[in-house]
$ cat run-v4.cif   # mmCIF, C-alpha atoms
data_run
#
loop_
_atom_site.label_atom_id
_atom_site.label_comp_id
_atom_site.auth_asym_id
_atom_site.auth_seq_id
_atom_site.Cartn_x
_atom_site.Cartn_y
_atom_site.Cartn_z
CA MET A 207 27.04 18.59 -18.21
CA VAL A 208 26.53 16.07 -21.03
CA PHE A 209 27.37 13.20 -18.66
CA ALA A 210 24.94 14.51 -16.03
CA LEU A 211 22.15 14.79 -18.57
CA SER A 212 22.88 11.30 -19.85
CA LEU A 213 22.80 9.89 -16.32
CA LEU A 214 19.49 11.63 -15.67
CA SER A 215 18.11 10.14 -18.88
CA LEU A 216 19.14 6.67 -17.73
CA VAL A 217 17.31 7.18 -14.42
CA ASP A 218 14.19 8.35 -16.24
CA CYS A 219 14.45 5.42 -18.64
CA GLY A 220 14.79 2.96 -15.76
CA SER A 221 11.78 4.45 -14.01
CA ALA A 222 9.70 4.24 -17.16
CA MET A 223 10.77 0.63 -17.63
CA ALA A 224 9.75 -0.22 -14.07
CA GLN A 225 6.37 1.34 -14.76
CA SER A 226 5.80 -0.57 -18.00
CA ASN A 227 6.95 -3.89 -16.53
CA TYR A 228 4.61 -3.86 -13.55
CA PHE A 229 1.78 -1.37 -14.13
CA ASP A 230 -0.63 -0.15 -16.78
CA THR A 231 -2.29 3.24 -16.91
CA PRO A 232 -6.04 2.57 -16.50
CA THR A 233 -7.97 3.04 -19.72
CA LYS A 234 -11.24 1.23 -19.01
CA THR A 235 -13.92 2.87 -16.86
CA GLU A 236 -14.24 -0.34 -14.84
CA LEU A 237 -11.93 -3.29 -14.45
CA SER A 238 -13.03 -6.85 -13.74
CA LEU A 239 -11.52 -9.04 -11.07
CA ASP A 240 -8.83 -11.30 -12.48
CA ASP A 241 -9.45 -15.03 -12.91
CA GLU A 242 -8.51 -15.69 -9.28
CA GLY A 243 -10.54 -12.80 -7.89
CA PHE A 244 -7.65 -10.43 -7.14
CA ILE A 245 -8.23 -6.68 -7.22
CA ARG A 246 -5.61 -5.19 -9.52
CA ARG A 247 -6.70 -1.52 -9.72
CA TRP A 248 -5.55 0.77 -6.92
CA THR A 249 -4.91 4.43 -6.35
CA VAL A 250 -1.58 4.63 -4.50
CA LEU A 251 -0.04 7.57 -2.67
CA GLU A 252 3.67 8.14 -3.04
CA PRO A 253 5.46 6.74 0.03
CA ILE A 254 5.51 8.65 3.31
CA SER A 255 8.79 8.46 5.22
CA LYS A 256 8.45 6.50 8.50
CA PRO A 257 11.87 5.02 9.32
CA ASN A 258 12.12 1.65 11.07
CA HIS A 259 15.39 -0.22 11.26
CA THR A 260 13.59 -3.56 11.60
CA ASN A 261 10.19 -5.05 10.79
CA THR A 262 10.01 -6.89 14.11
CA VAL A 263 8.53 -3.80 15.79
CA PHE A 264 5.28 -4.24 13.87
CA VAL A 265 3.16 -5.63 16.70
CA ASP A 266 -0.54 -4.77 16.91
CA SER A 267 -0.10 -1.99 19.48
CA TYR A 268 2.59 -0.28 17.40
CA LEU A 269 0.57 -0.54 14.18
CA ASN A 270 -2.59 0.78 15.80
CA GLU A 271 -0.65 3.78 17.12
CA VAL A 272 1.11 4.48 13.82
CA PHE A 273 -1.95 4.11 11.60
CA ALA A 274 -4.10 6.23 13.94
CA LYS A 275 -1.92 9.29 13.26
CA GLU A 276 -3.05 11.75 10.62
CA TYR A 277 -0.34 12.11 7.99
CA PHE A 278 -2.48 14.09 5.55
CA LYS A 279 -5.97 15.61 5.42
CA GLY A 280 -8.70 13.25 4.30
CA GLN A 281 -6.58 10.24 5.15
CA MET A 282 -9.60 8.09 6.04
CA THR A 283 -12.26 9.81 3.94
CA CYS A 284 -10.81 10.96 0.61
CA LEU A 285 -11.50 9.23 -2.69
CA PRO A 286 -8.43 10.41 -4.58
CA LYS A 287 -8.22 10.76 -8.32
CA ASP A 288 -5.09 10.16 -10.36
CA GLY A 289 -2.84 13.17 -10.00
CA ASP A 290 -4.40 14.54 -6.80
CA LYS A 291 -1.84 15.95 -4.38
CA VAL A 292 -1.63 16.05 -0.60
CA THR A 293 0.72 17.60 1.93
CA ALA A 294 1.92 14.81 4.21
CA ILE A 295 3.92 14.78 7.44
CA ALA A 296 7.12 12.81 6.88
CA GLU A 297 9.36 11.51 9.66
CA HIS A 298 13.15 11.37 9.45
CA VAL A 299 15.84 9.84 11.63
CA GLU A 300 19.56 9.46 11.22
CA MET A 301 20.07 5.79 10.46
CA PRO A 302 23.41 4.05 9.95
CA LYS A 303 24.12 2.71 6.49
CA ASP A 304 24.61 -0.71 8.06
CA PHE A 305 21.39 -1.53 9.96
CA ARG A 306 23.28 -4.18 11.97
CA ARG A 307 25.19 -1.39 13.68
CA PHE A 308 22.02 0.29 14.91
CA ASP A 309 22.08 0.77 18.69
CA GLN A 310 18.56 0.11 19.94
CA ASN A 311 19.39 1.69 23.31
CA ALA A 312 20.64 4.93 21.82
CA GLU A 313 18.41 7.99 21.83
CA ILE A 314 16.89 8.42 18.39
CA LYS A 315 16.69 11.92 17.00
CA ARG A 316 13.54 12.40 14.97
CA THR A 317 12.66 15.32 12.74
CA PHE A 318 9.53 16.01 10.72
CA SER A 319 8.85 17.79 7.47
CA LYS A 320 5.96 18.50 5.13
CA GLU A 321 6.13 16.88 1.71
CA LYS A 322 3.96 17.23 -1.38
CA LEU A 323 2.94 13.76 -2.52
CA THR A 324 0.83 12.61 -5.47
CA TRP A 325 -1.79 9.89 -5.87
CA HIS A 326 -1.36 7.52 -8.83
CA LYS A 327 -4.09 5.29 -10.24
CA LEU A 328 -2.61 2.02 -11.48
CA ASP A 329 -3.63 -1.30 -12.95
CA SER A 330 -1.20 -3.93 -11.70
CA LYS A 331 0.08 -6.44 -14.26
CA THR A 332 0.49 -8.99 -11.48
CA TYR A 333 -1.97 -10.21 -8.86
CA ASN A 334 0.15 -8.49 -6.21
CA LEU A 335 0.80 -4.78 -6.48
CA LYS A 336 4.55 -4.30 -6.14
CA LEU A 337 4.93 -1.21 -4.00
CA MET A 338 8.70 -1.25 -4.15
CA ARG A 339 8.59 -1.11 -7.95
CA PHE A 340 6.13 1.76 -7.67
CA GLY A 341 8.61 3.53 -5.38
CA GLU A 342 11.37 2.96 -7.91
CA TYR A 343 9.17 4.34 -10.68
CA GLN A 344 8.61 7.48 -8.62
CA THR A 345 12.35 7.59 -7.75
CA LYS A 346 11.20 7.89 -4.13
CA ARG A 347 12.58 6.30 -0.98
CA LEU A 348 12.19 2.52 -0.87
CA TYR A 349 12.64 1.59 2.80
CA GLY A 350 11.14 2.85 6.05
CA VAL A 351 7.89 4.03 4.52
CA ILE A 352 4.11 3.92 4.74
CA TYR A 353 1.99 3.46 1.63
CA TRP A 354 -1.69 4.42 1.58
CA VAL A 355 -3.87 2.74 -1.04
CA VAL A 356 -7.53 3.10 -1.98
CA THR A 357 -9.86 1.38 -4.40
CA VAL A 358 -13.59 1.47 -5.07
CA ILE A 359 -15.38 -1.72 -6.02
CA ASN A 360 -18.87 -2.02 -7.45
CA CYS A 361 -21.00 -4.99 -6.37
CA GLU A 362 -23.83 -6.20 -8.59
CA LYS A 363 -25.88 -7.10 -5.49
CA ASP A 364 -25.64 -7.23 -1.72
CA MET A 365 -23.04 -9.77 -0.68
CA GLU A 366 -23.34 -11.17 2.84
CA ASN A 367 -20.80 -13.02 4.97
CA VAL A 368 -17.82 -12.39 2.71
CA ARG A 369 -14.26 -12.18 3.99
CA LEU A 370 -11.51 -9.75 3.04
CA SER A 371 -8.41 -11.78 2.18
CA VAL A 372 -5.02 -10.05 2.21
CA GLY A 373 -1.34 -10.78 1.91
CA SER A 374 1.23 -8.04 2.52
CA ASN A 375 4.92 -7.39 2.94
CA SER A 376 5.43 -6.16 5.55
CA ALA A 377 2.64 -5.24 8.00
CA SER A 378 -0.65 -3.63 7.01
CA LYS A 379 -4.10 -2.53 8.12
CA TRP A 380 -7.32 -2.52 6.08
CA TRP A 381 -10.70 -0.81 6.21
CA VAL A 382 -13.89 -1.55 4.25
CA ASN A 383 -16.47 1.24 4.03
CA GLY A 384 -14.71 3.05 6.87
CA ALA A 385 -14.75 0.12 9.29
CA GLU A 386 -11.50 -1.48 10.46
CA THR A 387 -11.57 -4.94 8.94
CA LEU A 388 -8.17 -6.63 9.11
CA ILE A 389 -4.66 -6.15 10.49
CA LEU A 390 -1.56 -8.08 9.44
CA SER A 391 1.16 -7.63 12.04
CA GLY A 392 4.74 -8.78 12.38
CA ASP A 393 7.61 -9.23 9.96
CA ARG A 394 5.95 -11.18 7.17
CA ARG A 395 6.36 -12.00 3.53
CA MET A 396 3.50 -11.52 1.13
CA VAL A 397 1.49 -14.71 0.70
CA ALA A 398 -1.92 -14.80 -0.97
CA ASP A 399 -4.73 -15.29 1.57
CA ASP A 400 -2.26 -14.89 4.43
CA CYS A 401 -5.02 -13.43 6.62
CA MET A 402 -8.80 -13.30 6.27
CA SER A 403 -11.18 -11.00 8.07
CA GLU A 404 -14.25 -11.94 10.02
CA ARG A 405 -17.39 -12.20 7.90
CA ILE A 406 -18.59 -8.82 6.65
CA ASN A 407 -21.28 -7.56 4.27
CA LEU A 408 -20.77 -5.67 1.03
CA LYS A 409 -23.62 -3.52 -0.22
CA LYS A 410 -24.96 -3.33 -3.75
CA GLY A 411 -23.12 -0.54 -5.55
CA GLU A 412 -19.94 1.16 -4.39
CA ASN A 413 -17.77 -0.10 -1.55
CA ILE A 414 -14.50 1.51 -0.52
CA ILE A 415 -11.40 -0.46 0.44
CA ARG A 416 -8.58 1.45 2.10
CA GLY A 417 -5.22 0.10 3.20
CA ALA A 418 -1.98 1.20 4.84
CA ILE A 419 1.20 -0.83 4.36
CA ILE A 420 4.32 -0.15 6.44
CA ASN A 421 7.82 -1.37 5.72
CA GLY A 422 11.26 -1.10 7.24
CA PRO A 423 14.10 -2.80 5.35
CA GLY A 424 13.13 -5.26 2.64
CA MET A 425 10.54 -5.69 -0.08
CA SER A 426 7.03 -4.27 -0.05
CA ASP A 427 3.91 -5.48 -1.88
CA PHE A 428 0.34 -6.66 -1.24
CA CYS A 429 -2.57 -8.58 -2.75
CA VAL A 430 -6.28 -8.38 -1.96
CA ARG A 431 -9.38 -10.35 -2.87
CA PHE A 432 -12.66 -11.39 -1.28
CA ALA A 433 -13.66 -14.91 -0.30
CA ASP A 434 -17.06 -16.37 0.51
CA GLU A 435 -17.91 -17.54 4.02
CA ASN A 436 -16.26 -20.89 3.27
CA GLY A 437 -13.00 -19.26 2.19
CA LYS A 438 -13.46 -19.76 -1.57
CA ALA A 439 -12.28 -16.86 -3.73
CA ILE A 440 -15.02 -14.66 -5.24
CA THR A 441 -14.30 -14.18 -8.94
CA SER A 442 -17.46 -12.55 -10.29
CA GLY A 443 -20.13 -10.01 -9.39
CA ILE A 444 -17.54 -7.30 -8.57
CA THR A 445 -15.89 -4.68 -10.76
CA ILE A 446 -13.29 -2.08 -9.80
CA LYS A 447 -13.82 1.59 -10.61
#

$ encode --input "run-v4.cif" --output "C-alpha cells"
Amino acid sequence: MVFALSLLSLVDCGSAMAQSNYFDTPTKTELSLDDEGFIRRWTVLEPISKPNHTNTVFVDSYLNEVFAKEYFKGQMTCLPKDGDKVTAIAEHVEMPKDFRRFDQNAEIKRTFSKEKLTWHKLDSKTYNLKLMRFGEYQTKRLYGVIYWVVTVINCEKDMENVRLSVGSNSASKWWVNGAETLILSGDRRMVADDCMSERINLKKGENIIRGAIINGPGMSDFCVRFADENGKAITSGITIK
C-alpha cells in the first residue's frame, strides 16, 4: 500500500511538473500577442480517443469526414470556460502494441463509449502549445486522439485581408467566427507558418478561433498567428481573452 501511494505521488508530481514547465494558469483578464504575434492563450478540451495507426490517412476527405462528426454538444458553438465539462463520444479499437504489425486488410473492430472530459484554459510558455505535454499533465491517452481548442481574440479595429497562419502536428482544421478557414492535411511536423489561409476579415471586438487537431502515433502540438495580406506577422492590435 505504501509503495502504491508513493508511485501515485510520483505520477502526480510528474504531471504537475509537466504543467509548470509548459503552461501557466491564466491570471490576467487579457493577454497580449507575443513578440512574434503568436496566440498563446487557449482553452483546450482533454483528448478524445480516435485511434489511427498511421498519420498518412489524414487526407482532406478523411479529415472533412472526421471533423464533421459531432463528438460533444456545442462542438462548433460553445465558448467554454475553464473547468467546463462535456460528455464526448470516444472511439476504441484493438491495436497491436507494435504498429508495424498492424494488418491494414484485417477487419477492424470499433467500439464507442461516452467519456466525461474537461476544458482547461492555459497560457502556453512557448509559442507552440504542446498538446502531448497537456495530455501527459492530464494523465490521458497520448496517441490516436483529437484535440479541440478554442480562443477568443479582441481586435482594436476592423482588420481586412488578414491571413490565419498555422502550423500543426499532425493534421488540423481551423474555423474563424464559425467559417471554415484552413485545413492542414497529411503527416506533417509542426512548422510556424506552415499554411496560411486565404485573406479574411476580422471585426472590431471579439472574434472566435476554433481548431481541431488529430494525431495517430507521434508528437502533437500547434501554433497560430495572423499575418497581413503580404504575409508579415501581425504583432499588435489584438489581445486574447

$ closest_residue --input "run-v4.cif" --among "A:Gly341, A:Pro253, A:Gly280, A:Gly350" --to "Leu323 (chain A)" --atoms "all atoms listed in the file"
A:Pro253

$ residues_near_point --input "run-v4.cif" --point "(0.4, 14.6, 14.6)" --cutoff "12 Å" --atoms "only C-alpha atoms" --output "PyMOL selection string"
chain A and resi 271-279+294-297+318-320

$ resolve_selection --input "run-v4.cif" --expression "the PyMOL selection byres ((chain A and resi 386) around 12)" --output "list of chain:residue names"
A:Asn270, A:Phe273, A:Ala274, A:Met282, A:Leu370, A:Ser378, A:Lys379, A:Trp380, A:Trp381, A:Val382, A:Asn383, A:Gly384, A:Ala385, A:Thr387, A:Leu388, A:Ile389, A:Leu390, A:Ser403, A:Glu404, A:Ile406, A:Ile414, A:Ile415, A:Arg416, A:Gly417, A:Ala418

$ closest_residue --input "run-v4.cif" --among "A:Ala439, A:Val250, A:Val368, A:Cys429" --to "Lys409 (chain A)" --atoms "only C-alpha atoms"
A:Val368

$ closest_residue --input "run-v4.cif" --among "A:Ala398, A:Ala433, A:Val351, A:Val299" --to "Thr317 (chain A)" --atoms "all atoms listed in the file"
A:Val299

$ closest_residue --input "run-v4.cif" --among "A:Leu237, A:Met365, A:Ile440, A:Val356" --to "Pro286 (chain A)" --atoms "all atoms listed in the file"
A:Val356

$ atom_distance --input "run-v4.cif" --atom1 "CA of Thr324 (chain A)" --atom2 "CA of Thr357 (chain A)"
15.5 Å

$ closest_residue --input "run-v4.cif" --among "A:Lys287, A:Lys336, A:Lys256, A:Lys322" --to "Phe229 (chain A)" --atoms "all atoms listed in the file"
A:Lys336

$ closest_residue --input "run-v4.cif" --among "A:Arg369, A:Arg339, A:Lys447, A:Arg394" --to "Ser226 (chain A)" --atoms "all atoms listed in the file"
A:Arg339

$ residues_near_point --input "run-v4.cif" --point "(-13.2, -6.8, -8.6)" --cutoff "6 Å" --atoms "only C-alpha atoms" --output "PyMOL selection string"
chain A and resi 238-239+245+444-446

$ residues_around --input "run-v4.cif" --residues "Asp288 (chain A)" --least-positions-apart "5" --cutoff "9 Å" --atoms "all atoms listed in the file" --output "list in words"
Thr249, Val250, Thr324, Trp325, His326, Lys327 and Leu328 of chain A

$ atom_distance --input "run-v4.cif" --atom1 "CA of Tyr228 (chain A)" --atom2 "CA of Phe340 (chain A)"
8.3 Å

$ resolve_selection --input "run-v4.cif" --expression "the PyMOL selection byres ((chain A and resi 344-348) around 9)" --output "list in words"
Val217, Asp218, Ser221, Gln225, Glu252, Pro253, Ile254, Ser255, Leu337, Met338, Arg339, Phe340, Gly341, Glu342, Tyr343, Tyr349, Gly350, Val351, Asn421, Gly422, Pro423, Gly424, Met425 and Ser426 of chain A

$ atom_distance --input "run-v4.cif" --atom1 "CA of Asn227 (chain A)" --atom2 "CA of Ser330 (chain A)"
9.5 Å

$ residues_around --input "run-v4.cif" --residues "Leu408 (chain A)" --least-positions-apart "5" --cutoff "7 Å" --atoms "all atoms listed in the file" --output "PyMOL selection string"
chain A and resi 364-366+413

$ write_last_selection --input "run-v4.cif" --atoms "C-alpha atoms" --output "PDB file, in the coordinates of the input"
ATOM      1  CA  ASP A 364     -25.640  -7.230  -1.720  1.00  0.00           C
ATOM      2  CA  MET A 365     -23.040  -9.770  -0.680  1.00  0.00           C
ATOM      3  CA  GLU A 366     -23.340 -11.170   2.840  1.00  0.00           C
ATOM      4  CA  ASN A 413     -17.770  -0.100  -1.550  1.00  0.00           C
TER       5      ASN A 413
END

$ residues_around --input "run-v4.cif" --residues "Ile419 (chain A)" --least-positions-apart "6" --cutoff "6 Å" --atoms "all atoms listed in the file" --output "list in words"
Ile352, Tyr353, Ala377 and Ser378 of chain A

$ axis_aligned_box --input "run-v4.cif" --around "region 355-372 of chain A" --padding-each-side "8 Å" --output "AutoDock Vina command-line options"
--center_x -14.9 --center_y -5.0 --center_z -1.8 --size_x 38.0 --size_y 32.1 --size_z 29.6
